[in-house]
$ cat entry.cif   # mmCIF, C-alpha atoms
data_upload
loop_
_atom_site.label_atom_id
_atom_site.label_comp_id
_atom_site.auth_asym_id
_atom_site.auth_seq_id
_atom_site.Cartn_x
_atom_site.Cartn_y
_atom_site.Cartn_z
CA GLY F 1 0.00 0.00 0.00
CA GLU F 2 0.97 3.64 0.02
CA SER F 3 3.60 4.62 2.52
CA VAL F 4 5.93 7.44 3.21
CA GLY F 5 8.90 6.69 5.40
CA LEU F 6 11.89 8.47 6.79
CA HIS F 7 15.44 7.23 7.00
CA LEU F 8 16.31 8.68 10.42
CA PRO F 9 14.03 9.32 13.36
CA THR F 10 16.34 11.89 15.02
CA LEU F 11 18.91 14.38 13.83
CA SER F 12 21.11 16.72 15.87
CA VAL F 13 22.79 19.64 14.15
CA GLN F 14 25.06 22.40 15.41
CA GLU F 15 23.54 25.86 15.23
CA GLY F 16 24.60 27.58 12.04
CA ASP F 17 25.26 24.34 10.18
CA ASN F 18 23.11 23.02 7.37
CA SER F 19 20.78 20.09 7.96
CA ILE F 20 19.38 17.53 5.56
CA ILE F 21 16.29 15.47 6.32
CA ASN F 22 15.53 12.56 4.02
CA CYS F 23 12.32 10.80 3.11
CA ALA F 24 11.44 7.82 0.92
CA TYR F 25 8.06 7.31 -0.66
CA SER F 26 6.60 4.24 -2.28
CA ASN F 27 3.69 5.50 -4.41
CA SER F 28 5.10 6.34 -7.82
CA ALA F 29 1.74 7.90 -8.74
CA SER F 30 2.12 10.64 -6.14
CA ASP F 31 2.19 14.04 -7.74
CA TYR F 32 2.65 16.42 -4.89
CA PHE F 33 5.07 16.40 -1.98
CA ILE F 34 5.13 18.62 1.05
CA TRP F 35 7.34 19.20 4.05
CA TYR F 36 5.72 20.17 7.33
CA LYS F 37 7.26 21.33 10.59
CA GLN F 38 5.55 20.47 13.84
CA GLU F 39 6.53 22.09 17.10
CA SER F 40 5.47 20.69 20.43
CA GLY F 41 1.80 21.31 21.12
CA LYS F 42 1.09 22.71 17.67
CA GLY F 43 -0.33 21.50 14.40
CA PRO F 44 1.92 20.88 11.38
CA GLN F 45 3.12 24.05 9.68
CA PHE F 46 3.65 24.12 5.91
CA ILE F 47 7.29 24.66 4.93
CA ILE F 48 7.61 24.00 1.22
CA ASP F 49 6.07 21.86 -1.49
CA ILE F 50 7.12 20.45 -4.82
CA ARG F 51 5.25 18.97 -7.76
CA SER F 52 6.41 15.80 -9.49
CA ASN F 53 7.37 17.72 -12.63
CA MET F 54 10.15 19.48 -10.70
CA ASP F 55 13.32 18.18 -9.07
CA LYS F 56 14.23 21.18 -6.95
CA ARG F 57 12.51 24.06 -5.29
CA GLN F 58 13.93 26.72 -3.02
CA GLY F 59 12.37 28.81 -0.31
CA GLN F 60 13.74 30.98 2.39
CA ARG F 61 16.65 28.96 3.90
CA VAL F 62 15.02 25.74 2.72
CA THR F 63 15.42 23.63 -0.39
CA VAL F 64 13.45 20.55 -1.34
CA LEU F 65 14.93 18.00 -3.73
CA LEU F 66 12.89 15.32 -5.44
CA ASN F 67 14.41 12.26 -7.07
CA LYS F 68 11.61 10.36 -8.77
CA THR F 69 13.92 7.65 -10.04
CA VAL F 70 14.61 6.39 -6.54
CA LYS F 71 11.46 7.88 -4.98
CA HIS F 72 13.40 10.04 -2.57
CA LEU F 73 12.68 13.45 -1.13
CA SER F 74 14.94 15.64 0.98
CA LEU F 75 14.66 18.89 2.89
CA GLN F 76 17.73 21.03 3.30
CA ILE F 77 17.74 23.76 5.91
CA ALA F 78 20.56 26.27 5.64
CA ALA F 79 22.21 27.97 8.61
CA THR F 80 20.03 26.26 11.20
CA GLN F 81 18.67 28.27 14.09
CA PRO F 82 17.32 27.21 17.49
CA GLY F 83 13.81 27.85 16.19
CA ASP F 84 14.29 25.10 13.64
CA SER F 85 14.12 22.48 16.38
CA ALA F 86 10.95 20.51 15.71
CA VAL F 87 9.63 17.31 14.14
CA TYR F 88 9.66 17.40 10.35
CA PHE F 89 7.26 15.36 8.26
CA CYS F 90 7.24 14.68 4.59
CA ALA F 91 3.85 14.02 3.05
CA GLU F 92 2.66 12.99 -0.37
CA GLY F 93 -0.57 13.69 -2.18
CA GLY F 94 -2.29 12.88 -5.42
CA ALA F 95 -2.73 14.93 -8.53
CA ASN F 96 -5.83 16.85 -7.51
CA PHE F 97 -3.94 20.08 -6.94
CA GLY F 98 -3.24 19.52 -3.29
CA ASN F 99 -6.73 18.62 -2.25
CA GLU F 100 -6.13 14.92 -2.18
CA LYS F 101 -5.52 13.22 1.12
CA LEU F 102 -2.01 13.56 2.41
CA THR F 103 -0.01 10.50 3.44
CA PHE F 104 2.52 11.33 6.14
CA GLY F 105 5.63 9.58 7.32
CA THR F 106 6.45 9.12 10.99
CA GLY F 107 8.65 12.21 11.18
CA THR F 108 12.24 13.20 12.01
CA ARG F 109 13.02 15.10 15.17
CA LEU F 110 15.57 17.82 14.46
CA THR F 111 17.47 19.19 17.45
CA ILE F 112 19.66 22.26 17.06
CA ILE F 113 22.64 22.29 19.38
CA PRO F 114 23.60 25.82 20.51
CA ASP O 1 -6.87 36.76 9.11
CA ALA O 2 -7.79 33.90 11.42
CA GLY O 3 -6.16 30.60 10.69
CA VAL O 4 -7.70 27.20 11.30
CA THR O 5 -9.28 26.97 14.73
CA GLN O 6 -10.31 23.86 16.63
CA SER O 7 -12.26 23.22 19.78
CA PRO O 8 -11.95 22.01 22.39
CA THR O 9 -8.21 22.00 23.02
CA HIS O 10 -8.29 18.98 25.29
CA LEU O 11 -10.92 16.39 26.05
CA ILE O 12 -11.12 13.38 28.33
CA LYS O 13 -13.72 10.70 27.66
CA THR O 14 -14.50 7.22 28.89
CA ARG O 15 -14.58 4.10 26.73
CA GLY O 16 -17.91 3.68 24.99
CA GLN O 17 -18.77 7.37 25.05
CA GLN O 18 -19.22 9.61 22.04
CA VAL O 19 -17.29 12.77 21.21
CA THR O 20 -17.69 15.71 18.84
CA LEU O 21 -14.77 17.86 17.74
CA ARG O 22 -15.12 21.14 15.88
CA CYS O 23 -13.12 22.97 13.25
CA SER O 24 -13.36 26.35 11.57
CA PRO O 25 -11.33 26.64 8.37
CA LYS O 26 -9.03 29.45 7.39
CA SER O 27 -10.85 32.38 5.84
CA GLY O 28 -11.48 31.76 2.15
CA HIS O 29 -11.07 27.99 2.38
CA ASP O 30 -13.86 25.60 1.47
CA THR O 31 -12.39 22.16 2.10
CA VAL O 32 -11.78 20.54 5.46
CA SER O 33 -9.76 17.40 6.11
CA TRP O 34 -9.44 15.55 9.39
CA TYR O 35 -6.37 13.64 10.55
CA GLN O 36 -5.59 11.49 13.57
CA GLN O 37 -2.10 11.72 15.01
CA ALA O 38 -1.08 9.11 17.56
CA LEU O 39 1.80 9.92 19.86
CA GLY O 40 5.11 9.73 18.02
CA GLN O 41 3.47 9.12 14.66
CA GLY O 42 2.61 11.13 11.59
CA PRO O 43 -0.96 12.26 10.98
CA GLN O 44 -3.30 9.70 9.41
CA PHE O 45 -6.03 10.87 7.04
CA ILE O 46 -9.56 10.25 8.29
CA PHE O 47 -11.76 12.00 5.72
CA GLN O 48 -12.26 15.17 3.72
CA TYR O 49 -15.34 17.37 3.31
CA TYR O 50 -16.17 19.66 0.45
CA GLU O 51 -19.53 21.16 -0.44
CA GLU O 52 -20.97 19.56 2.72
CA GLU O 53 -20.19 16.07 1.47
CA GLU O 54 -17.57 13.50 2.40
CA ARG O 55 -15.32 13.36 -0.64
CA GLN O 56 -12.58 11.00 0.46
CA ARG O 57 -12.12 8.63 3.33
CA GLY O 58 -9.11 6.96 4.84
CA ASN O 59 -8.95 3.59 6.52
CA PHE O 60 -11.11 4.41 9.54
CA PRO O 61 -14.22 2.55 10.77
CA ASP O 62 -17.74 3.89 10.52
CA ARG O 63 -17.53 4.97 14.16
CA PHE O 64 -15.80 8.01 12.72
CA SER O 65 -18.23 10.35 10.99
CA GLY O 66 -18.31 13.98 10.11
CA HIS O 67 -20.26 16.89 8.86
CA GLN O 68 -19.61 20.14 7.05
CA PHE O 69 -21.84 23.14 7.46
CA PRO O 70 -22.76 25.81 4.88
CA ASN O 71 -20.18 28.16 6.43
CA TYR O 72 -17.52 25.47 5.69
CA SER O 73 -16.91 24.65 9.35
CA SER O 74 -16.83 20.98 10.20
CA GLU O 75 -17.39 18.47 12.97
CA LEU O 76 -15.78 15.11 13.61
CA ASN O 77 -17.83 12.61 15.59
CA VAL O 78 -16.47 9.44 17.10
CA ASN O 79 -18.87 6.88 18.59
CA ALA O 80 -18.20 4.00 20.98
CA LEU O 81 -14.79 5.33 21.93
CA LEU O 82 -11.92 2.89 22.35
CA LEU O 83 -8.68 3.39 24.25
CA GLY O 84 -6.90 3.38 20.90
CA ASP O 85 -8.80 6.47 19.83
CA SER O 86 -6.64 8.53 22.16
CA ALA O 87 -4.73 10.87 19.88
CA LEU O 88 -4.33 14.41 18.61
CA TYR O 89 -7.06 15.16 16.08
CA LEU O 90 -6.04 17.67 13.48
CA CYS O 91 -8.17 19.64 11.12
CA ALA O 92 -6.72 21.04 7.91
CA SER O 93 -8.32 23.43 5.47
CA SER O 94 -7.63 24.22 1.84
CA LYS O 95 -9.18 25.82 -1.22
CA GLN O 96 -10.25 23.56 -4.04
CA GLY O 97 -8.43 24.05 -7.30
CA ILE O 98 -6.76 27.34 -6.44
CA PRO O 99 -3.00 27.56 -5.81
CA PRO O 100 -1.30 27.51 -3.41
CA TYR O 101 -2.53 24.06 -2.65
CA GLU O 102 -1.14 23.54 0.79
CA GLN O 103 -3.38 22.38 3.58
CA TYR O 104 -3.29 24.60 6.65
CA PHE O 105 -3.51 22.77 9.94
CA GLY O 106 -5.13 23.81 13.16
CA PRO O 107 -3.54 23.26 16.59
CA GLY O 108 -5.51 20.08 17.13
CA THR O 109 -7.71 18.61 19.84
CA ARG O 110 -6.03 16.23 22.26
CA LEU O 111 -8.46 13.40 23.04
CA THR O 112 -7.76 11.04 25.90
CA VAL O 113 -9.94 7.97 26.32
CA THR O 114 -9.79 6.26 29.71
#

$ encode --input "entry.cif" --output "C-alpha cells"
Amino acid sequence: GESVGLHLPTLSVQEGDNSIINCAYSNSASDYFIWYKQESGKGPQFIIDIRSNMDKRQGQRVTVLLNKTVKHLSLQIAATQPGDSAVYFCAEGGANFGNEKLTFGTGTRLTIIP
Amino acid sequence: DAGVTQSPTHLIKTRGQQVTLRCSPKSGHDTVSWYQQALGQGPQFIFQYYEEEERQRGNFPDRFSGHQFPNYSSELNVNALLLGDSALYLCASSKQGIPPYEQYFGPGTRLTVT
C-alpha cells in the first residue's frame, strides 16, 4: 500500500550548520510532496512543497529536492537556528492540486545544538 | 486573518462514550480534512469534506463520521470510543483548485480515552 517513510528518526545539528532530512516514498503515482514542521503542542506548519514535474525548489533557507527515479525526497535547511528544532514530516498527495488526502511519514526530530 | 481553529483544546472521555470535535477553516477555504495523530506518529487521514459532502475517506471505521456546514466549518464525531482512539485530532483546510494548494492545519484537539 501507500507509505511514506523516513530514514532517520532523530537528527542533531550544530547551530549555524546546514541540515538535511531525508524521506522515501513508495507510491510512484504521487504528484505532490510537502514538508511540514511540527513544534510541540502545535499543528503541522507548511514549509515547502514540490510537484512531481520538478526536481528542486527553493524557499527561504530551505530547499526541497525530489528524485523520482529512486522515490526520494529531501529537505535542506541552511544555517540552522534554534527555532528550527521541531519534528519534520514529509507528506505525499495525489494529482488533484493539493486537495487529495495527504499520506505522512512518521517524522524526524531535528534538534539544534547551541 | 484567522487561521484554522479547533475546539476544544483537550478532552477526556470514557470508553464507549461519544465525542464531537469542531473545526473552523481558514478564511477563504472551502475544504476541510481531518487527521488522527497518535503519539510519536505522523498524521493519518480520516476523511475530507467539500460542499458539505464527504469526498474521500481513509482507513477508519464507521464509528468516525463527520459533517460540514454551509459556512464550511466541520465536525468530527467518534462513537463508541476505544482506548486506541486517544490521539491528537487535526483539522486542515484548503481551497479547491486554487493555488497555493497547501493544507493549513489547526492546533488540534487532544483526546484522551480512559

$ atom_distance --input "entry.cif" --atom1 "atom CA of Ile113 of chain F" --atom2 "atom CA of Gln41 of chain O"
23.7 Å

$ resolve_selection --input "entry.cif" --expression "the PyMOL selection byres ((chain F) within 10 of (chain O))" --output "PyMOL selection string"
chain F and resi 4-5+32-34+36+38+41-49+87-91+96-109

$ atom_distance --input "entry.cif" --atom1 "atom CA of Pro114 of chain F" --atom2 "atom CA of Pro9 of chain F"
20.4 Å

$ atom_distance --input "entry.cif" --atom1 "atom CA of Ser24 of chain O" --atom2 "atom CA of Leu39 of chain O"
23.8 Å

$ resolve_selection --input "entry.cif" --expression "the PyMOL selection byres ((chain O and resi 27) around 8)" --output "VMD selection string"
chain O and resid 1 to 3 25 to 26 28 to 29

$ resolve_selection --input "entry.cif" --expression "the PyMOL selection byres ((chain O and resi 11) around 8)" --output "list in words"
Pro8, Thr9, His10, Ile12, Lys13, Thr109, Arg110, Leu111 and Thr112 of chain O

$ residues_around --input "entry.cif" --residues "segment 69-84 of chain F" --least-positions-apart "6" --cutoff "6 Å" --atoms "only C-alpha atoms" --output "ChimeraX atom specification"
/F:15-25,61-63,112

$ residues_around --input "entry.cif" --residues "Asp55 of chain F" --least-positions-apart "5" --cutoff "9 Å" --atoms "only C-alpha atoms" --output "list of chain:residue names"
F:Ile50, F:Val64, F:Leu65, F:Leu66, F:Asn67, F:Lys68

$ write_last_selection --input "entry.cif" --atoms "C-alpha atoms" --output "tab-separated table (two decimals), keeping the file's coordinate frame"
chain	number	residue	atom	x	y	z
F	50	ILE	CA	7.12	20.45	-4.82
F	64	VAL	CA	13.45	20.55	-1.34
F	65	LEU	CA	14.93	18.00	-3.73
F	66	LEU	CA	12.89	15.32	-5.44
F	67	ASN	CA	14.41	12.26	-7.07
F	68	LYS	CA	11.61	10.36	-8.77

$ residues_around --input "entry.cif" --residues "Phe64 of chain O" --least-positions-apart "6" --cutoff "8 Å" --atoms "all atoms listed in the file" --output "PDB file with C-alpha atoms, in the coordinates of the input"
ATOM      1  CA  ILE O  46      -9.560  10.250   8.290  1.00  0.00           C
ATOM      2  CA  LEU O  76     -15.780  15.110  13.610  1.00  0.00           C
ATOM      3  CA  ASN O  77     -17.830  12.610  15.590  1.00  0.00           C
ATOM      4  CA  VAL O  78     -16.470   9.440  17.100  1.00  0.00           C
ATOM      5  CA  ASN O  79     -18.870   6.880  18.590  1.00  0.00           C
TER       6      ASN O  79
END

$ closest_residue --input "entry.cif" --among "O:Thr5, O:Asn59, O:Gly16, O:Glu54" --to "Leu81 of chain O" --atoms "all atoms listed in the file"
O:Gly16

$ residues_near_point --input "entry.cif" --point "(-16.0, 21.0, 21.7)" --cutoff "7 Å" --atoms "only C-alpha atoms" --output "list in words"
Ser7, Pro8, Thr20, Leu21 and Arg22 of chain O
